[in-house]
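Undergrad: Let me give you the structure first, and then I'll get to my questions.
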Number of protein chains: 2
Amino acid sequence: MPGGRPRAFDADIALDRALEVFWRQGYEGTSLSDLTAAMGVNRPSLYAAFGNKEELFAKALDRYVSGPGAFAAEALTAPTVREVVRRLVEGAVELTTGANGPGCLSVNSVHACGPDSAAAREAAIACRRAGEAALRRRFEQAPDLPPDCDPTVLARLVHTVTDGIAVQAASGRTREELRQVADLALRTVLGELKDIPEPA
Amino acid sequence: MPGGRPRAFDADIALDRALEVFWRQGYEGTSLSDLTAAMGVNRPSLYAAFGNKEELFAKALDRYVSGPGAFAAEALTAPTVREVVRRLVEGAVELTTGANGPGCLSVNSVHACGPDSAAAREAAIACRRAGEAALRRRFEQAPDLPPDCDPTVLARLVHTVTDGIAVQAASGRTREELRQVADLALRTVLGELKDIPEPA
DNA sequence: CTAGTTATGTATCGAACGGTATGAAACTAG
DNA sequence: CTAGTTTCATACCGTTCGATACATAACTAG
């Protein structure tokens, strides 16, 4: 009995287009007309496939985390704390100065603080907290941390630096400029760790 | 021949109210109705006194820099590089976790990246570049920098850390949590400077 | 007093907002 | 073929957006 008229668009591709628009223009700065134009999907089809603007944003954010932002989860598998941090900071530079950018979708969306953007902002905050918690757990079980270094605070500091890189990228800093910043950050932030040998 | 009906509101107080709203809700998230309600000013009076929404924002941003953000300029007068950085980072924590916040108006506004927010975003970027340039000049004429430390890159790194603090505050981190982050940042970022004595 | 000037309050402008009703089109099952 | 189901395309919903026209009120200069 089922069947029905087939879709005239690929939902995954359309979601990627929506992600690009949200990334470039922010949640509040993106209208449904912007989305339908970029996705090549009519308005009722968009609502049927993705719910509403809030739900579409949440799905785009998921895709962001598992796509362009996947380096962050992968960085946690590095063997040493130093390497984890290096991959995160350098990955943040590459991500936020890439072709889609500039900036980071989740950092952007934290600043969608208007009255109609609460859901989007909280989705971004939740996604950020999850990432930071994963980093903290990675540090907690690391044998190569100095005993006086609180893994929770270190995770927050690393996250703070990558957040700052995203802001700098959104402000127009180039990839080369931010690579210099990342290098200096790694030399200094990791200064306290540099004499800790890699674990067995 | 002049004269005319006197104002029923204080323009400076109204501008402070506008600043509060922009700070809390962002440029894109703030409507003229929000502004007139908070400022206690009718719409035509607002336009007569402040131009339009973009110009009002620019004036609010100026007031932000010379008011709540004045600590940043004052920090540059500290006698040592270490103290300059310490005041900037700790000041960023206090500013972005204050009663008006959370967050930083200029960092927020960089992420107003919709099509109708170009003027506001560029005003924020210009204000950020000016601040960073002042910090760079402060470092360039500092005798207490290691010779291998580029003052331009150090200024960008410090700015990156304060930006990150603002993002963290906007994400809900408390003042106490961010003070811990600031402490760790100062111990690590300034680790390379710690053996440099204060200048004569 | 009157003339001139500026601000105020109301009521609205056209455009764009997020979201939908409606009916035709395109498919599958029988 | 027909019946049932799903999507598509158009046109539209009420609301809100930033920005103004207009008439009145409150002041100063003469």
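By order in the structure tokens, chains are A, B, ...; within a chain, residues start at 1; ligands start at 1, following the order shown.
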Can you show chain A as a compact mmCIF listing (two decimals) with C-alpha atoms, in the first residue's frame once it has been least-squares superposed onto chain B, using every C-alpha atom paired in order?
TA:
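Output file result.txt follows:
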```txt
# COMPACT_ATOMS: atom_id res chain seq x y z
CA MET A 1 15.28 81.33 17.58
CA PRO A 2 16.16 77.82 18.71
CA GLY A 3 14.61 76.09 21.68
CA GLY A 4 12.13 73.41 20.89
CA ARG A 5 10.52 70.87 23.09
CA PRO A 6 12.98 69.35 25.54
CA ARG A 7 13.86 65.70 25.55
CA ALA A 8 11.84 63.49 27.84
CA PHE A 9 14.78 61.08 28.23
CA ASP A 10 18.49 61.14 29.00
CA ALA A 11 20.37 60.13 25.89
CA ASP A 12 23.29 58.67 27.85
CA ILE A 13 21.05 56.57 30.04
CA ALA A 14 19.05 55.43 27.04
CA LEU A 15 22.28 54.43 25.31
CA ASP A 16 23.29 52.42 28.35
CA ARG A 17 19.98 50.60 28.19
CA ALA A 18 20.52 49.88 24.51
CA LEU A 19 23.98 48.57 25.32
CA GLU A 20 22.52 46.19 27.88
CA VAL A 21 20.01 44.81 25.39
CA PHE A 22 22.57 44.36 22.60
CA TRP A 23 24.91 42.72 25.08
CA ARG A 24 22.31 40.26 26.29
CA GLN A 25 20.53 39.47 23.02
CA GLY A 26 23.08 40.24 20.33
CA TYR A 27 22.64 42.54 17.35
CA GLU A 28 20.52 40.20 15.26
CA GLY A 29 18.51 39.02 18.24
CA THR A 30 17.54 42.54 19.28
CA SER A 31 14.53 44.18 17.65
CA LEU A 32 13.66 47.83 17.64
CA SER A 33 10.74 47.01 19.91
CA ASP A 34 13.15 45.47 22.40
CA LEU A 35 15.26 48.62 22.23
CA THR A 36 12.45 51.14 22.60
CA ALA A 37 10.96 49.16 25.47
CA ALA A 38 14.27 49.00 27.33
CA MET A 39 15.26 52.58 26.57
CA GLY A 40 11.89 54.08 27.41
CA VAL A 41 12.00 55.98 24.14
CA ASN A 42 9.50 56.03 21.32
CA ARG A 43 10.55 54.82 17.95
CA PRO A 44 10.74 58.18 16.14
CA SER A 45 12.68 59.64 19.06
CA LEU A 46 15.15 56.80 18.86
CA TYR A 47 15.71 57.45 15.18
CA ALA A 48 16.02 61.19 15.71
CA ALA A 49 18.55 60.75 18.50
CA PHE A 50 20.63 57.81 17.31
CA GLY A 51 20.10 57.40 13.57
CA ASN A 52 19.11 53.83 12.85
CA LYS A 53 19.73 50.42 14.35
CA GLU A 54 23.24 50.17 12.89
CA GLU A 55 24.30 53.57 14.17
CA LEU A 56 22.77 52.94 17.57
CA PHE A 57 24.75 49.73 17.78
CA ALA A 58 27.95 51.50 16.82
CA LYS A 59 27.38 54.06 19.57
CA ALA A 60 26.59 51.32 22.07
CA LEU A 61 29.79 49.55 21.07
CA ASP A 62 31.80 52.73 21.65
CA ARG A 63 30.23 53.01 25.07
CA TYR A 64 31.05 49.39 25.76
CA VAL A 65 34.71 49.92 24.96
CA SER A 66 35.01 53.05 27.08
CA GLY A 67 32.86 51.67 29.88
CA PRO A 68 32.78 47.99 30.80
CA GLY A 69 35.68 47.27 28.45
CA ALA A 70 37.90 50.05 29.67
CA PHE A 71 39.96 47.64 31.74
CA ALA A 72 41.56 46.41 28.53
CA ALA A 73 43.05 49.79 27.66
CA GLU A 74 44.02 50.39 31.28
CA ALA A 75 45.78 47.04 31.46
CA LEU A 76 48.31 48.26 28.89
CA THR A 77 49.68 50.73 31.42
CA ALA A 78 50.86 47.97 33.71
CA PRO A 79 54.63 48.03 34.16
CA THR A 80 55.44 44.53 32.94
CA VAL A 81 54.30 42.26 30.18
CA ARG A 82 53.29 39.67 32.72
CA GLU A 83 51.10 42.14 34.54
CA VAL A 84 49.54 43.40 31.32
CA VAL A 85 48.57 39.89 30.33
CA ARG A 86 47.38 39.03 33.82
CA ARG A 87 45.08 42.03 33.93
CA LEU A 88 43.69 41.31 30.48
CA VAL A 89 42.92 37.67 31.12
CA GLU A 90 41.51 38.15 34.59
CA GLY A 91 39.58 41.21 33.45
CA ALA A 92 38.04 39.18 30.66
CA VAL A 93 36.77 36.66 33.18
CA GLU A 94 35.20 39.33 35.35
CA LEU A 95 33.70 41.19 32.40
CA THR A 96 32.16 38.20 30.68
CA THR A 97 30.73 36.66 33.84
CA GLY A 98 29.27 39.91 35.13
CA ALA A 99 25.68 40.88 35.70
CA ASN A 100 25.10 42.16 32.17
CA GLY A 101 26.53 39.13 30.50
CA PRO A 102 27.21 36.48 30.07
CA GLY A 103 29.64 37.04 27.28
CA CYS A 104 31.34 39.94 25.56
CA LEU A 105 29.52 42.32 23.27
CA SER A 106 32.30 42.58 20.71
CA VAL A 107 32.83 38.82 20.59
CA ASN A 108 29.09 38.28 20.30
CA SER A 109 28.82 40.77 17.50
CA VAL A 110 31.53 39.21 15.42
CA HIS A 111 29.15 36.30 15.03
CA ALA A 112 26.28 38.41 13.73
CA CYS A 113 26.98 37.14 10.25
CA GLY A 114 23.61 37.44 8.59
CA PRO A 115 23.14 39.48 5.41
CA ASP A 116 21.71 42.49 7.27
CA SER A 117 24.37 42.59 9.96
CA ALA A 118 27.45 43.42 7.93
CA ALA A 119 27.81 46.91 9.39
CA ALA A 120 27.51 45.74 12.98
CA ARG A 121 29.90 42.87 12.45
CA GLU A 122 32.47 45.09 10.80
CA ALA A 123 32.18 47.64 13.58
CA ALA A 124 32.93 44.89 16.05
CA ILE A 125 35.84 43.64 13.98
CA ALA A 126 37.30 47.13 13.68
CA CYS A 127 37.05 47.64 17.41
CA ARG A 128 38.72 44.29 18.03
CA ARG A 129 41.56 45.01 15.61
CA ALA A 130 42.18 48.35 17.29
CA GLY A 131 42.44 46.69 20.67
CA GLU A 132 44.75 44.03 19.40
CA ALA A 133 46.94 46.60 17.65
CA ALA A 134 47.28 48.55 20.88
CA LEU A 135 48.33 45.40 22.68
CA ARG A 136 50.86 44.61 19.97
CA ARG A 137 52.37 48.09 20.24
CA ARG A 138 52.56 47.67 24.00
CA PHE A 139 54.53 44.46 23.50
CA GLU A 140 56.71 45.89 20.75
CA GLN A 141 58.06 48.55 23.04
CA ALA A 142 58.44 46.18 25.98
CA PRO A 143 62.03 45.50 27.03
CA ASP A 144 60.99 42.44 28.98
CA LEU A 145 60.03 40.16 26.13
CA PRO A 146 62.17 37.19 25.17
CA PRO A 147 63.98 37.96 21.93
CA ASP A 148 62.44 34.95 20.18
CA CYS A 149 58.91 35.99 21.07
CA ASP A 150 57.17 37.88 18.27
CA PRO A 151 55.11 40.63 19.91
CA THR A 152 52.52 40.45 17.15
CA VAL A 153 51.93 36.76 17.67
CA LEU A 154 51.92 37.10 21.43
CA ALA A 155 49.30 39.84 21.20
CA ARG A 156 47.18 37.60 19.03
CA LEU A 157 47.55 34.70 21.42
CA VAL A 158 46.51 36.76 24.41
CA HIS A 159 43.58 38.07 22.45
CA THR A 160 42.70 34.52 21.43
CA VAL A 161 42.64 33.44 25.07
CA THR A 162 40.39 36.32 26.12
CA ASP A 163 38.14 35.58 23.16
CA GLY A 164 37.92 31.98 24.26
CA ILE A 165 37.02 33.07 27.77
CA ALA A 166 34.17 35.13 26.33
CA VAL A 167 32.87 32.13 24.41
CA GLN A 168 33.10 29.95 27.49
CA ALA A 169 31.20 32.52 29.50
CA ALA A 170 28.53 32.71 26.81
CA SER A 171 28.29 28.92 27.02
CA GLY A 172 27.41 29.07 30.67
CA ARG A 173 30.72 28.65 32.48
CA THR A 174 30.70 30.31 35.86
CA ARG A 175 33.06 32.97 37.09
CA GLU A 176 34.76 30.51 39.43
CA GLU A 177 35.28 27.96 36.68
CA LEU A 178 36.79 30.57 34.41
CA ARG A 179 39.04 31.91 37.13
CA GLN A 180 40.59 28.47 37.31
CA VAL A 181 41.02 28.47 33.55
CA ALA A 182 42.58 31.92 33.67
CA ASP A 183 44.99 30.85 36.39
CA LEU A 184 46.14 27.87 34.40
CA ALA A 185 46.40 29.95 31.24
CA LEU A 186 48.57 32.49 32.99
CA ARG A 187 50.82 29.83 34.45
CA THR A 188 51.32 28.25 31.04
CA VAL A 189 51.17 31.13 28.60
CA LEU A 190 53.43 33.13 30.81
CA GLY A 191 55.68 30.20 31.49
CA GLU A 192 58.07 31.37 28.81
CA LEU A 193 58.19 34.81 30.35
CA LYS A 194 58.51 33.87 33.96
CA ASP A 195 62.28 34.01 34.04
CA ILE A 196 62.42 37.46 32.51
CA PRO A 197 62.96 40.03 35.25
CA GLU A 198 60.94 43.19 35.34
CA PRO A 199 62.47 46.10 33.50
CA ALA A 200 64.20 48.94 35.23
```
Undergrad: With a cut-off of 6 Å, could you pull out the residues of chain D touching chain A and give me the nearest pair of atoms for each, distance in Å to one decimal, using only C-alpha atoms (C1' of nucleotides), ordered by chain and ascending number, as a tab-separated table?
TA:
```
residue	atom	partner	partner_atom	distance
D:DT5	C1'	A:Gly4	CA	4.8
D:DT6	C1'	A:Gly4	CA	3.9
D:DT7	C1'	A:Arg5	CA	5.2
```
Undergrad: Can I get the selected residues back with C-alpha atoms (C1' of nucleotides), as a CSV table (one decimal), in the first residue's frame?
TA:
```csv
chain,number,residue,atom,x,y,z
D,5,DT,C1',-0.1,7.4,-0.4
D,6,DT,C1',3.5,10.7,-0.5
D,7,DT,C1',5.8,14.7,-2.5
```
Undergrad: Restrict the distance test to only C-alpha atoms (C1' of nucleotides), flag each residue of chain C within 10 Å of chain A, and return the flagged residues as a PyMOL selection string.
TA: chain C and resi 16-20+25-30
Undergrad: Would you kindly return, as a compact mmCIF listing (two decimals) with N, CA and C atoms (P, O5', C5', C4', C3', O3' and C1' of nucleotides), in the first residue's frame, each protein, DNA or RNA residue with an atom no farther than 12 Å from any atom of DG23 (chain C), considering only C-alpha atoms (C1' of nucleotides) and excluding same-chain residues fewer than 5 positions away?
TA:
```
# COMPACT_ATOMS: atom_id res chain seq x y z
P DC D 8 9.62 16.41 -2.82
O5' DC D 8 8.73 17.26 -3.83
C5' DC D 8 8.43 16.72 -5.10
C4' DC D 8 7.52 17.67 -5.87
C3' DC D 8 7.97 19.11 -5.85
O3' DC D 8 8.03 19.64 -7.15
C1' DC D 8 5.69 18.90 -5.13
P DA D 9 8.88 20.97 -7.43
O5' DA D 9 7.77 22.10 -7.55
C5' DA D 9 6.77 21.99 -8.55
C4' DA D 9 5.65 22.99 -8.28
C3' DA D 9 6.13 24.41 -7.99
O3' DA D 9 5.53 25.29 -8.94
C1' DA D 9 4.55 23.70 -6.36
P DT D 10 5.96 26.82 -9.01
O5' DT D 10 4.66 27.57 -8.47
C5' DT D 10 3.37 27.12 -8.90
C4' DT D 10 2.28 27.65 -7.97
C3' DT D 10 2.44 29.11 -7.55
O3' DT D 10 1.27 29.83 -7.91
C1' DT D 10 1.93 27.77 -5.69
P DA D 11 1.17 31.44 -7.80
O5' DA D 11 -0.25 31.71 -7.16
C5' DA D 11 -1.00 30.63 -6.59
C4' DA D 11 -1.22 30.85 -5.10
C3' DA D 11 -1.13 32.32 -4.65
O3' DA D 11 -2.43 32.78 -4.27
C1' DA D 11 -0.05 30.84 -3.10
```
